[in-house]
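Colleague: Sharing a structure here in structure tokens format.
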Amino acid sequence: LAVTTPPPKPAEEAKPAPPVQPAAAPAAKVKEPVSGKTLVTLNVNGRDYQVAVEPQFTLFEILKRDLGFTGAKLGCNGSMCSACTVLVDGVAQNSCSLVAISETSKKIGTVEGLEQGGKLHPVQVAFWDNMGYQCGFCTPGQIMRAVELLNKNKSPTEAQVMTHMSGNMCKCSAYPNI
């Protein structure tokens, strides 16, 4: 007698498990973005100005467009050239990168505010006397950065001046005179 064995059963293919559905997360509270104009007070050159600003407006935009301070210049609009430098609480800052609404409790100084009683600031006079400009585009930012340095150090060395002024770009390359 011949013994026959049944043919092997084909292997059952493994079926993937059904995907597990994550439990529904509780609805997160989403804060509404700040929008619309907000009335703020900016102290510029010792005087308070009330101005309505959108949350995304830069200090540069407000100073120039809304308050009429045209001294600072917009070179790169990315905080790289420093033509838009102003003093904020005595520190040189690029106004193109400051959100105006955040500057409400600070003292802002522009190049226009340096002149007192019809007399130019000594740094402005030095720029004039030494031809520290060519096209003049970077000059306000350069002056404000120099004022910051001299307010902190009345007698800086040449190396200290060069280091401090290094963030201000001059496309005309008037650096020796500056």
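Chain identifiers are assigned as A, B, and so on, following the order in which chains appear in the structure tokens; residues are numbered from 1 within each chain, and ligands are numbered from 1 in order of appearance.
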Would you return as a PyMOL selection string the members of region 18-171 of chain A that DSSP assigns to strand (DSSP E) on this structure's backbone?

Modeller: chain A and resi 38-44+47-53+85-88+91-94+107-109

Colleague: Out of A:Val88, A:Ala159, A:Cys172, A:Leu67, which residue has the shortest atom-to-atom distance to Tyr133 (chain A) when counting only C-alpha atoms?

Modeller: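 Counting only C-alpha atoms, the residue closest to Tyr133 (chain A) is A:Cys172.
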
Colleague: For Tyr49 (chain A), which of A:Thr104, A:Asn153, A:Ser173, A:Gln124 is the closest residue, counting only C-alpha atoms?

Modeller: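 Of the candidates, the smallest distance to Tyr49 (chain A) is held by A:Thr104.
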
Colleague: Among chain A, which residues carry a DSSP assignment of helix (DSSP H, G or I), reported as an mmCIF file with N, CA, C and O atoms, in the first residue's frame?

Modeller:
```cif
data_model
loop_
_atom_site.group_PDB
_atom_site.id
_atom_site.type_symbol
_atom_site.label_atom_id
_atom_site.label_comp_id
_atom_site.auth_asym_id
_atom_site.auth_seq_id
_atom_site.Cartn_x
_atom_site.Cartn_y
_atom_site.Cartn_z
ATOM 1 N N LEU A 59 10.019 99.952 13.273
ATOM 2 C CA LEU A 59 10.278 101.286 13.798
ATOM 3 C C LEU A 59 10.690 102.218 12.662
ATOM 4 O O LEU A 59 10.266 103.374 12.616
ATOM 5 N N PHE A 60 11.492 101.704 11.728
ATOM 6 C CA PHE A 60 11.893 102.526 10.578
ATOM 7 C C PHE A 60 10.674 103.069 9.840
ATOM 8 O O PHE A 60 10.601 104.260 9.523
ATOM 9 N N GLU A 61 9.717 102.189 9.549
ATOM 10 C CA GLU A 61 8.518 102.602 8.816
ATOM 11 C C GLU A 61 7.765 103.706 9.553
ATOM 12 O O GLU A 61 7.329 104.690 8.950
ATOM 13 N N ILE A 62 7.593 103.530 10.844
ATOM 14 C CA ILE A 62 6.839 104.508 11.634
ATOM 15 C C ILE A 62 7.587 105.832 11.702
ATOM 16 O O ILE A 62 6.995 106.902 11.538
ATOM 17 N N LEU A 63 8.904 105.762 11.955
ATOM 18 C CA LEU A 63 9.683 106.996 12.038
ATOM 19 C C LEU A 63 9.593 107.786 10.742
ATOM 20 O O LEU A 63 9.365 109.007 10.755
ATOM 21 N N LYS A 64 9.756 107.109 9.628
ATOM 22 C CA LYS A 64 9.791 107.812 8.342
ATOM 23 C C LYS A 64 8.401 108.185 7.835
ATOM 24 O O LYS A 64 8.121 109.344 7.554
ATOM 25 N N ARG A 65 7.540 107.193 7.715
ATOM 26 C CA ARG A 65 6.241 107.412 7.073
ATOM 27 C C ARG A 65 5.269 108.191 7.961
ATOM 28 O O ARG A 65 4.600 109.111 7.511
ATOM 29 N N ASP A 66 5.184 107.818 9.221
ATOM 30 C CA ASP A 66 4.168 108.409 10.081
ATOM 31 C C ASP A 66 4.639 109.633 10.869
ATOM 32 O O ASP A 66 3.843 110.504 11.171
ATOM 33 N N SER A 95 16.818 100.117 12.919
ATOM 34 C CA SER A 95 15.375 100.358 13.035
ATOM 35 C C SER A 95 14.552 99.539 12.053
ATOM 36 O O SER A 95 13.356 99.345 12.262
ATOM 37 N N CYS A 96 15.185 98.993 11.005
ATOM 38 C CA CYS A 96 14.438 98.172 10.044
ATOM 39 C C CYS A 96 14.085 96.809 10.626
ATOM 40 O O CYS A 96 13.244 96.100 10.082
ATOM 41 N N SER A 97 14.734 96.445 11.741
ATOM 42 C CA SER A 97 14.492 95.132 12.342
ATOM 43 C C SER A 97 13.789 95.207 13.688
ATOM 44 O O SER A 97 13.633 94.190 14.355
ATOM 45 N N ALA A 100 7.903 98.254 15.841
ATOM 46 C CA ALA A 100 7.596 99.532 16.484
ATOM 47 C C ALA A 100 6.792 99.376 17.760
ATOM 48 O O ALA A 100 7.038 100.063 18.752
ATOM 49 N N ILE A 101 5.850 98.453 17.761
ATOM 50 C CA ILE A 101 4.970 98.273 18.916
ATOM 51 C C ILE A 101 5.756 97.844 20.162
ATOM 52 O O ILE A 101 5.322 98.061 21.284
ATOM 53 N N SER A 102 6.955 97.293 19.959
ATOM 54 C CA SER A 102 7.789 96.842 21.079
ATOM 55 C C SER A 102 8.671 97.951 21.644
ATOM 56 O O SER A 102 9.369 97.736 22.627
ATOM 57 N N GLU A 103 8.664 99.102 21.036
ATOM 58 C CA GLU A 103 9.565 100.182 21.452
ATOM 59 C C GLU A 103 8.861 101.268 22.249
ATOM 60 O O GLU A 103 9.389 102.356 22.430
ATOM 61 N N VAL A 111 19.064 110.806 14.082
ATOM 62 C CA VAL A 111 20.095 111.769 13.698
ATOM 63 C C VAL A 111 19.543 113.192 13.754
ATOM 64 O O VAL A 111 20.277 114.134 14.074
ATOM 65 N N GLU A 112 18.248 113.365 13.495
ATOM 66 C CA GLU A 112 17.650 114.703 13.574
ATOM 67 C C GLU A 112 17.690 115.256 14.999
ATOM 68 O O GLU A 112 17.727 116.465 15.187
ATOM 69 N N GLY A 113 17.668 114.379 15.984
ATOM 70 C CA GLY A 113 17.654 114.809 17.376
ATOM 71 C C GLY A 113 19.015 115.177 17.928
ATOM 72 O O GLY A 113 19.115 115.662 19.057
ATOM 73 N N PRO A 122 28.848 117.367 17.872
ATOM 74 C CA PRO A 122 30.263 117.282 17.493
ATOM 75 C C PRO A 122 30.582 116.167 16.487
ATOM 76 O O PRO A 122 31.455 116.346 15.635
ATOM 77 N N VAL A 123 29.877 115.056 16.544
ATOM 78 C CA VAL A 123 30.126 113.986 15.575
ATOM 79 C C VAL A 123 29.656 114.424 14.187
ATOM 80 O O VAL A 123 30.327 114.157 13.183
ATOM 81 N N GLN A 124 28.536 115.129 14.115
ATOM 82 C CA GLN A 124 28.080 115.639 12.827
ATOM 83 C C GLN A 124 29.098 116.629 12.253
ATOM 84 O O GLN A 124 29.401 116.597 11.055
ATOM 85 N N VAL A 125 29.632 117.488 13.103
ATOM 86 C CA VAL A 125 30.640 118.458 12.672
ATOM 87 C C VAL A 125 31.889 117.723 12.182
ATOM 88 O O VAL A 125 32.456 118.069 11.138
ATOM 89 N N ALA A 126 32.307 116.696 12.907
ATOM 90 C CA ALA A 126 33.497 115.932 12.508
ATOM 91 C C ALA A 126 33.290 115.254 11.156
ATOM 92 O O ALA A 126 34.208 115.235 10.321
ATOM 93 N N PHE A 127 32.107 114.710 10.918
ATOM 94 C CA PHE A 127 31.829 114.107 9.610
ATOM 95 C C PHE A 127 31.925 115.166 8.518
ATOM 96 O O PHE A 127 32.467 114.916 7.440
ATOM 97 N N TRP A 128 31.377 116.341 8.779
ATOM 98 C CA TRP A 128 31.413 117.421 7.805
ATOM 99 C C TRP A 128 32.855 117.865 7.541
ATOM 100 O O TRP A 128 33.296 117.954 6.397
ATOM 101 N N ASP A 129 33.585 118.120 8.627
ATOM 102 C CA ASP A 129 34.958 118.625 8.500
ATOM 103 C C ASP A 129 35.891 117.629 7.831
ATOM 104 O O ASP A 129 36.845 118.016 7.155
ATOM 105 N N THR A 139 25.552 107.835 6.009
ATOM 106 C CA THR A 139 26.032 108.807 6.995
ATOM 107 C C THR A 139 25.197 108.874 8.272
ATOM 108 O O THR A 139 25.760 108.837 9.371
ATOM 109 N N PRO A 140 23.871 108.944 8.208
ATOM 110 C CA PRO A 140 23.113 109.009 9.467
ATOM 111 C C PRO A 140 23.363 107.795 10.373
ATOM 112 O O PRO A 140 23.538 107.949 11.579
ATOM 113 N N GLY A 141 23.399 106.609 9.797
ATOM 114 C CA GLY A 141 23.661 105.407 10.582
ATOM 115 C C GLY A 141 25.066 105.400 11.154
ATOM 116 O O GLY A 141 25.288 105.017 12.308
ATOM 117 N N GLN A 142 26.030 105.852 10.346
ATOM 118 C CA GLN A 142 27.419 105.930 10.813
ATOM 119 C C GLN A 142 27.521 106.911 11.988
ATOM 120 O O GLN A 142 28.173 106.632 12.996
ATOM 121 N N ILE A 143 26.874 108.053 11.849
ATOM 122 C CA ILE A 143 26.913 109.071 12.904
ATOM 123 C C ILE A 143 26.296 108.525 14.188
ATOM 124 O O ILE A 143 26.858 108.684 15.278
ATOM 125 N N MET A 144 25.157 107.869 14.083
ATOM 126 C CA MET A 144 24.496 107.359 15.290
ATOM 127 C C MET A 144 25.342 106.294 15.978
ATOM 128 O O MET A 144 25.419 106.244 17.204
ATOM 129 N N ARG A 145 26.006 105.450 15.201
ATOM 130 C CA ARG A 145 26.881 104.421 15.793
ATOM 131 C C ARG A 145 28.072 105.094 16.475
ATOM 132 O O ARG A 145 28.468 104.689 17.572
ATOM 133 N N ALA A 146 28.640 106.137 15.860
ATOM 134 C CA ALA A 146 29.764 106.854 16.466
ATOM 135 C C ALA A 146 29.335 107.562 17.748
ATOM 136 O O ALA A 146 30.080 107.569 18.742
ATOM 137 N N VAL A 147 28.141 108.152 17.753
ATOM 138 C CA VAL A 147 27.629 108.810 18.962
ATOM 139 C C VAL A 147 27.500 107.786 20.089
ATOM 140 O O VAL A 147 27.886 108.065 21.233
ATOM 141 N N GLU A 148 26.966 106.600 19.776
ATOM 142 C CA GLU A 148 26.857 105.561 20.800
ATOM 143 C C GLU A 148 28.221 105.259 21.408
ATOM 144 O O GLU A 148 28.374 105.201 22.628
ATOM 145 N N LEU A 149 29.228 105.072 20.554
ATOM 146 C CA LEU A 149 30.578 104.763 21.045
ATOM 147 C C LEU A 149 31.098 105.872 21.948
ATOM 148 O O LEU A 149 31.589 105.609 23.053
ATOM 149 N N LEU A 150 30.988 107.126 21.489
ATOM 150 C CA LEU A 150 31.541 108.233 22.268
ATOM 151 C C LEU A 150 30.755 108.506 23.547
ATOM 152 O O LEU A 150 31.308 109.059 24.499
ATOM 153 N N ASN A 151 29.490 108.120 23.592
ATOM 154 C CA ASN A 151 28.738 108.238 24.845
ATOM 155 C C ASN A 151 29.257 107.242 25.883
ATOM 156 O O ASN A 151 29.172 107.494 27.081
ATOM 157 N N LYS A 152 29.799 106.126 25.410
ATOM 158 C CA LYS A 152 30.326 105.093 26.315
ATOM 159 C C LYS A 152 31.817 105.270 26.603
ATOM 160 O O LYS A 152 32.289 104.895 27.657
ATOM 161 N N GLU A 158 41.923 103.897 18.003
ATOM 162 C CA GLU A 158 41.541 103.685 16.602
ATOM 163 C C GLU A 158 40.989 102.271 16.409
ATOM 164 O O GLU A 158 40.003 102.081 15.692
ATOM 165 N N ALA A 159 41.596 101.303 17.076
ATOM 166 C CA ALA A 159 41.110 99.916 16.973
ATOM 167 C C ALA A 159 39.697 99.788 17.539
ATOM 168 O O ALA A 159 38.858 99.086 16.966
ATOM 169 N N GLN A 160 39.413 100.466 18.648
ATOM 170 C CA GLN A 160 38.064 100.424 19.224
ATOM 171 C C GLN A 160 37.050 101.071 18.287
ATOM 172 O O GLN A 160 35.933 100.577 18.128
ATOM 173 N N VAL A 161 37.436 102.162 17.650
ATOM 174 C CA VAL A 161 36.545 102.829 16.690
ATOM 175 C C VAL A 161 36.261 101.893 15.531
ATOM 176 O O VAL A 161 35.103 101.699 15.134
ATOM 177 N N MET A 162 37.302 101.296 14.975
ATOM 178 C CA MET A 162 37.128 100.413 13.823
ATOM 179 C C MET A 162 36.246 99.214 14.173
ATOM 180 O O MET A 162 35.375 98.830 13.395
ATOM 181 N N THR A 163 36.457 98.646 15.336
ATOM 182 C CA THR A 163 35.635 97.499 15.762
ATOM 183 C C THR A 163 34.191 97.920 15.946
ATOM 184 O O THR A 163 33.268 97.258 15.474
ATOM 185 N N HIS A 164 33.988 99.043 16.615
ATOM 186 C CA HIS A 164 32.623 99.491 16.910
ATOM 187 C C HIS A 164 31.852 99.864 15.643
ATOM 188 O O HIS A 164 30.656 99.600 15.538
ATOM 189 N N MET A 165 32.534 100.439 14.688
ATOM 190 C CA MET A 165 31.885 100.908 13.467
ATOM 191 C C MET A 165 31.778 99.821 12.400
ATOM 192 O O MET A 165 31.164 100.040 11.368
#
```
